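What follows is my_file-v4.cif (mmCIF, C-alpha atoms and all ligand atoms).
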```cif
data_coords
loop_
_atom_site.label_atom_id
_atom_site.label_comp_id
_atom_site.auth_asym_id
_atom_site.auth_seq_id
_atom_site.Cartn_x
_atom_site.Cartn_y
_atom_site.Cartn_z
CA MET A 1 3.68 40.12 -57.49
CA ALA A 2 0.65 41.60 -55.78
CA GLY A 3 2.38 41.14 -52.43
CA ASN A 4 5.42 43.07 -53.63
CA ASN A 5 3.29 45.92 -54.91
CA SER A 6 1.36 46.11 -51.66
CA SER A 7 4.60 46.08 -49.75
CA GLU A 8 5.96 48.93 -51.84
CA LEU A 9 2.78 50.94 -51.38
CA ALA A 10 2.78 50.37 -47.64
CA ALA A 11 6.44 51.32 -47.44
CA GLU A 12 5.81 54.47 -49.43
CA GLY A 13 2.92 55.41 -47.14
CA ILE A 14 5.03 55.01 -43.99
CA LYS A 15 7.86 56.90 -45.64
CA ARG A 16 5.65 59.87 -46.39
CA LEU A 17 4.14 59.84 -42.93
CA LEU A 18 7.56 59.84 -41.34
CA ARG A 19 8.61 62.69 -43.58
CA GLU A 20 5.63 64.74 -42.50
CA ASP A 21 6.01 63.86 -38.83
CA GLU A 22 9.63 64.79 -38.75
CA LYS A 23 9.22 67.68 -41.16
CA MET A 24 12.20 66.42 -43.12
CA GLN A 25 14.79 67.23 -40.49
CA ASP A 26 18.42 66.40 -41.14
CA GLY A 27 19.20 62.75 -40.72
CA ASN A 28 15.57 61.76 -41.11
CA GLU A 29 16.21 59.89 -44.32
CA THR A 30 18.05 57.18 -42.45
CA LYS A 31 15.01 56.61 -40.26
CA VAL A 32 12.77 56.55 -43.33
CA GLU A 33 14.99 54.05 -45.07
CA MET A 34 15.04 51.87 -42.00
CA ALA A 35 11.23 51.83 -41.82
CA GLU A 36 11.03 51.02 -45.52
CA THR A 37 13.49 48.16 -45.23
CA ALA A 38 11.63 46.78 -42.23
CA LEU A 39 8.34 46.82 -44.12
CA ARG A 40 9.82 45.08 -47.11
CA ARG A 41 11.10 42.26 -44.90
CA ILE A 42 7.67 41.45 -43.56
CA ASP A 43 5.96 38.64 -45.41
CA ILE A 44 2.60 39.92 -46.57
CA SER A 45 1.28 36.80 -48.20
CA ASP A 46 -1.38 36.90 -45.47
CA PRO A 47 -4.54 38.23 -47.18
CA ILE A 48 -5.75 40.09 -44.08
CA GLU A 49 -2.38 41.81 -43.81
CA MET A 50 -2.60 42.80 -47.50
CA ILE A 51 -6.08 44.24 -47.00
CA LYS A 52 -5.05 46.07 -43.84
CA ARG A 53 -2.02 47.67 -45.45
CA GLY A 54 -3.96 48.50 -48.56
CA PHE A 55 -6.61 50.29 -46.56
CA TYR A 56 -4.08 52.12 -44.39
CA HIS A 57 -2.37 53.29 -47.55
CA PHE A 58 -5.65 54.54 -49.03
CA LYS A 59 -6.70 56.17 -45.76
CA ASN A 60 -3.38 57.93 -45.25
CA GLU A 61 -2.79 58.94 -48.85
CA GLU A 62 -6.31 59.79 -49.96
CA PHE A 63 -9.13 59.69 -47.45
CA ASP A 64 -7.45 61.74 -44.72
CA MET A 65 -5.62 63.89 -47.23
CA PHE A 66 -8.69 65.21 -49.06
CA PRO A 67 -11.54 65.40 -46.51
CA GLU A 68 -13.62 67.91 -48.49
CA TYR A 69 -13.60 65.64 -51.52
CA PHE A 70 -14.78 62.65 -49.51
CA GLN A 71 -17.40 64.72 -47.68
CA GLU A 72 -18.88 65.65 -51.06
CA LEU A 73 -18.73 62.02 -52.23
CA ALA A 74 -20.55 60.93 -49.07
CA LYS A 75 -23.55 63.03 -50.09
CA ALA A 76 -23.99 61.57 -53.58
CA GLN A 77 -22.20 60.17 -56.59
CA HIS A 78 -22.17 61.83 -60.00
CA PRO A 79 -19.94 59.62 -62.13
CA LYS A 80 -19.26 60.79 -65.67
CA PHE A 81 -18.54 57.26 -66.92
CA LEU A 82 -20.06 53.83 -66.90
CA VAL A 83 -17.20 51.46 -67.67
CA PHE A 84 -17.42 47.84 -68.76
CA ALA A 85 -14.06 46.17 -68.28
CA CYS A 86 -12.77 42.63 -67.98
CA SER A 87 -12.49 40.96 -64.57
CA ASP A 88 -8.83 40.23 -65.38
CA SER A 89 -6.69 41.30 -62.42
CA ARG A 90 -4.25 43.14 -64.68
CA VAL A 91 -6.63 45.65 -66.22
CA CYS A 92 -8.38 47.53 -63.41
CA PRO A 93 -9.65 50.73 -65.12
CA SER A 94 -9.25 52.77 -61.95
CA ARG A 95 -5.52 52.05 -62.09
CA VAL A 96 -4.99 52.09 -65.84
CA LEU A 97 -7.09 55.21 -66.52
CA ASN A 98 -6.55 56.76 -63.10
CA PHE A 99 -10.24 57.21 -62.35
CA GLN A 100 -10.71 58.76 -58.94
CA LEU A 101 -13.41 57.52 -56.59
CA GLY A 102 -16.75 58.85 -57.75
CA GLN A 103 -15.76 59.27 -61.40
CA ALA A 104 -16.66 55.90 -62.89
CA PHE A 105 -19.53 53.50 -62.26
CA MET A 106 -18.03 50.11 -62.97
CA ALA A 107 -19.10 46.74 -64.31
CA ARG A 108 -16.48 44.06 -64.69
CA ASN A 109 -17.04 40.63 -66.15
CA ILE A 110 -15.35 37.92 -68.20
CA ALA A 111 -14.16 39.51 -71.48
CA ASN A 112 -15.88 42.87 -70.79
CA LEU A 113 -19.01 41.80 -72.66
CA VAL A 114 -22.33 43.64 -72.69
CA PRO A 115 -25.31 41.39 -73.44
CA GLY A 116 -28.23 42.67 -75.48
CA PHE A 117 -31.41 43.81 -73.71
CA ASN A 118 -33.01 40.71 -72.21
CA GLN A 119 -35.14 40.67 -69.07
CA VAL A 120 -34.80 36.91 -68.70
CA LYS A 121 -31.01 36.50 -68.93
CA HIS A 122 -28.04 38.50 -67.64
CA SER A 123 -30.12 40.79 -65.47
CA GLU A 124 -27.04 41.95 -63.55
CA SER A 125 -25.70 43.74 -66.64
CA GLY A 126 -29.12 45.19 -67.41
CA ALA A 127 -29.48 46.52 -63.87
CA VAL A 128 -26.07 48.24 -64.03
CA ILE A 129 -26.89 49.89 -67.35
CA GLU A 130 -30.38 50.93 -66.30
CA TYR A 131 -29.18 52.49 -63.04
CA ALA A 132 -26.11 54.19 -64.51
CA VAL A 133 -28.04 55.68 -67.41
CA THR A 134 -31.43 56.52 -65.93
CA ALA A 135 -30.57 57.32 -62.29
CA LEU A 136 -26.95 58.50 -62.40
CA GLU A 137 -27.21 59.94 -65.92
CA VAL A 138 -23.65 59.08 -66.90
CA GLU A 139 -22.38 60.97 -69.94
CA VAL A 140 -20.19 58.22 -71.41
CA ILE A 141 -20.32 54.44 -71.56
CA LEU A 142 -16.85 53.05 -72.20
CA VAL A 143 -16.36 49.37 -73.03
CA ILE A 144 -12.68 48.56 -72.77
CA GLY A 145 -11.04 45.33 -73.88
CA HIS A 146 -7.45 44.26 -73.38
CA SER A 147 -4.54 42.20 -74.71
CA LYS A 148 -4.26 38.49 -73.95
CA CYS A 149 -7.88 38.28 -72.79
CA GLY A 150 -8.55 34.72 -71.59
CA GLY A 151 -12.28 35.09 -72.16
CA ILE A 152 -11.79 36.10 -75.79
CA GLU A 153 -9.28 33.29 -76.27
CA ALA A 154 -11.86 30.82 -74.90
CA LEU A 155 -14.48 32.25 -77.27
CA MET A 156 -12.18 31.89 -80.28
CA ALA A 157 -11.23 28.33 -79.26
CA LEU A 158 -14.81 27.24 -78.55
CA PRO A 159 -15.93 24.57 -81.06
CA ASP A 160 -19.30 25.38 -82.64
CA ASP A 161 -20.90 22.13 -81.48
CA ALA A 162 -19.15 21.83 -78.11
CA ALA A 163 -21.16 20.65 -75.13
CA PRO A 164 -20.66 23.15 -72.28
CA THR A 165 -17.89 22.11 -69.91
CA TYR A 166 -18.44 25.04 -67.58
CA ASP A 167 -21.55 25.93 -65.64
CA PHE A 168 -21.59 29.58 -66.75
CA ILE A 169 -18.53 30.62 -68.75
CA HIS A 170 -19.35 29.26 -72.20
CA ASP A 171 -22.88 30.59 -72.15
CA TRP A 172 -21.53 34.00 -71.13
CA ILE A 173 -18.72 34.30 -73.69
CA LYS A 174 -21.13 33.33 -76.48
CA ILE A 175 -22.37 36.93 -76.26
CA GLY A 176 -19.26 37.60 -78.36
CA LEU A 177 -20.12 35.09 -81.12
CA PRO A 178 -20.93 37.79 -83.73
CA ALA A 179 -17.43 39.19 -83.17
CA LYS A 180 -15.92 35.75 -83.63
CA ALA A 181 -17.88 35.24 -86.85
CA LYS A 182 -16.62 38.56 -88.25
CA VAL A 183 -13.02 37.78 -87.30
CA MET A 184 -13.19 34.31 -88.85
CA ALA A 185 -14.65 35.76 -92.05
CA GLU A 186 -11.93 38.41 -92.33
CA PHE A 187 -8.94 36.77 -90.66
CA GLY A 188 -9.74 33.05 -90.94
CA ASN A 189 -6.32 32.30 -92.43
CA GLU A 190 -4.35 34.23 -89.84
CA PRO A 191 -2.70 32.53 -86.84
CA PHE A 192 -4.89 31.97 -83.77
CA GLU A 193 -3.05 34.67 -81.83
CA ILE A 194 -3.85 37.32 -84.45
CA GLN A 195 -7.49 36.21 -84.56
CA CYS A 196 -7.75 36.63 -80.78
CA LYS A 197 -6.18 40.08 -81.00
CA MET A 198 -8.72 41.15 -83.62
CA CYS A 199 -11.57 39.64 -81.63
CA GLU A 200 -10.59 41.59 -78.50
CA LYS A 201 -11.59 44.75 -80.40
CA GLU A 202 -14.49 43.30 -82.38
CA ALA A 203 -16.10 42.00 -79.19
CA VAL A 204 -16.02 45.56 -77.85
CA ASN A 205 -17.90 46.68 -80.97
CA VAL A 206 -20.48 43.92 -80.49
CA SER A 207 -20.98 45.14 -76.92
CA LEU A 208 -21.41 48.73 -78.16
CA ILE A 209 -24.04 47.55 -80.64
CA ASN A 210 -25.74 45.58 -77.84
CA LEU A 211 -25.85 48.72 -75.69
CA LEU A 212 -28.10 50.30 -78.31
CA THR A 213 -30.72 47.59 -77.66
CA TYR A 214 -31.43 49.25 -74.27
CA PRO A 215 -34.13 51.85 -74.95
CA TYR A 216 -32.76 54.45 -72.49
CA VAL A 217 -29.29 54.11 -74.04
CA ARG A 218 -30.62 54.40 -77.58
CA SER A 219 -32.72 57.50 -76.88
CA ARG A 220 -29.89 59.32 -75.07
CA VAL A 221 -27.36 58.49 -77.79
CA ALA A 222 -29.87 59.81 -80.33
CA ASN A 223 -30.39 63.11 -78.49
CA GLY A 224 -26.68 63.55 -77.79
CA THR A 225 -26.73 63.30 -73.98
CA LEU A 226 -24.86 59.99 -73.93
CA LYS A 227 -21.73 58.93 -75.82
CA LEU A 228 -20.60 55.38 -76.45
CA MET A 229 -16.88 54.64 -76.61
CA GLY A 230 -14.85 51.51 -77.22
CA GLY A 231 -11.31 51.01 -76.04
CA HIS A 232 -8.44 48.54 -75.98
CA TYR A 233 -5.62 48.46 -73.42
CA ASP A 234 -2.51 46.59 -74.50
CA PHE A 235 -0.62 45.66 -71.36
CA ILE A 236 2.26 44.15 -73.34
CA GLN A 237 3.12 47.35 -75.21
CA GLY A 238 1.61 49.76 -72.68
CA ARG A 239 -0.72 51.24 -75.29
CA LEU A 240 -4.30 52.48 -75.32
CA GLN A 241 -6.79 52.97 -78.14
CA VAL A 242 -10.17 54.66 -77.77
CA TRP A 243 -12.83 55.02 -80.43
CA GLY A 244 -16.25 56.61 -80.55
CA PHE A 245 -19.36 54.76 -81.62
CA ASP A 246 -22.79 55.77 -82.80
CA ALA A 247 -23.76 54.23 -86.11
CA TRP A 248 -20.07 54.01 -87.09
CA THR A 249 -16.82 53.80 -85.21
CA LYS A 250 -14.41 56.74 -85.29
CA PRO A 251 -10.92 56.87 -83.74
CA LEU A 252 -10.55 59.22 -80.76
CA LEU A 253 -7.23 58.31 -79.20
CA CYS A 254 -4.20 56.15 -79.92
CA ILE A 255 -1.32 56.34 -77.44
ZN ZN B 301 -10.08 39.64 -70.25
#
```
Could you rewrite the structure in this file as structure tokens?
Amino acid sequence: MAGNNSSELAAEGIKRLLREDEKMQDGNETKVEMAETALRRIDISDPIEMIKRGFYHFKNEEFDMFPEYFQELAKAQHPKFLVFACSDSRVCPSRVLNFQLGQAFMARNIANLVPGFNQVKHSESGAVIEYAVTALEVEVILVIGHSKCGGIEALMALPDDAAPTYDFIHDWIKIGLPAKAKVMAEFGNEPFEIQCKMCEKEAVNVSLINLLTYPYVRSRVANGTLKLMGGHYDFIQGRLQVWGFDAWTKPLLCI
């Protein structure tokens, strides 16, 4: 799947380059099609080949195309967003929300969870939040969940008294336990699949609440210089929901 996408991207890049080189002269399409077909035939299961083609595509289509933009980015970054998203390979926010380089500071982890302020545990998340908020002064923190989240499914399936079978995963997903408790209280009689679906959104709300335990987040939300938003990307239906959060949640977008 990934190989096919990379192949298509590489083919598209070559196609565009040929078009520019030849300035779309008559008969050029045949040459373009030949190059495209040749690229598609090459097996790109080789990871180095995938990386190489991916970078060539980026360099040709973006880096060399917009030099002024990248010169500005080289001086400093001023991202508007800090985004917490799942590590799931199907939900990259830069693809799904079309963030350009420099627009979103990113933290990705299992089930897009934000732990509460704690200087002993989960310092990686704390460092990301501290830097994004105090140094970069992002305007929005978006926590975005997604459909069929394996981390949320593991949380919902985790027996209360289970001994950990993973070195890190169970301890991490337990950050979402308040969301699980709320879902079980409200949807305890619903099928497991529905409970997981509800928990995907509730866990986002738990993370938004946890964000308020960071003093620099809390003070900026209070004075209006920082907004918290929750979101859910459904990759089965191709839908997106976004809601705002301060003391209460309020819907912002449903598409
Ligand atoms: Zn996930």
Given 9 Å and all atoms listed in the file, residues near ligand ZN 301 (chain B) as JSON, numbers by chain:
{"A": [85, 86, 87, 88, 89, 90, 91, 109, 110, 111, 112, 145, 146, 147, 148, 149, 150, 151, 152, 153, 200]}
Residue among A:Pro215, A:Gly116, A:Pro251, A:Gly188 lying closest to Gly231 (chain A), counting all atoms listed in the file:
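Of A:Pro215, A:Gly116, A:Pro251, A:Gly188, the one nearest Gly231 (chain A), counting all atoms listed in the file, is A:Pro251.
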Would you work out the distance separating CA of Phe117 (chain A) from CA of Gln241 (chain A), expressed in Å to one decimal?
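Distance reported for this atom pair: 26.6 Å.
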Non-local contacts of region 228-230 of chain A (9 Å; only C-alpha atoms; under 6 positions in same chain excluded) as a list in words
Glu139, Val140, Ile141, Leu142, Val143, Ile144, Gly145, Lys201, Val204, Asn205, Ser207, Leu208, Leu211, Val221, Gln241, Val242, Trp243, Gly244, Phe245, Asp246, Thr249 and Leu252 of chain A
Using all atoms listed in the file, determine which residues lie at most 9 Å from region 122-129 of chain A, disregarding the query and same-chain residues fewer than 5 positions distant; provide the list as number ranges by chain.
A: 82, 105-107, 114-117, 134, 172, 211, 214, 217
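Atom pair CA of Ala154 (chain A) / CA of Ile173 (chain A): separated by 7.8 Å.
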Atom pair CA of Leu113 (chain A) / CA of Tyr233 (chain A): separation (Å):
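CA of Tyr233 (chain A) lies 15.0 Å from CA of Leu113 (chain A).
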With all atoms listed in the file as the atoms that count, which of A:Glu49, A:Gly224, A:Gln119, A:Pro159 lies nearest to Leu177 (chain A)?
A:Pro159
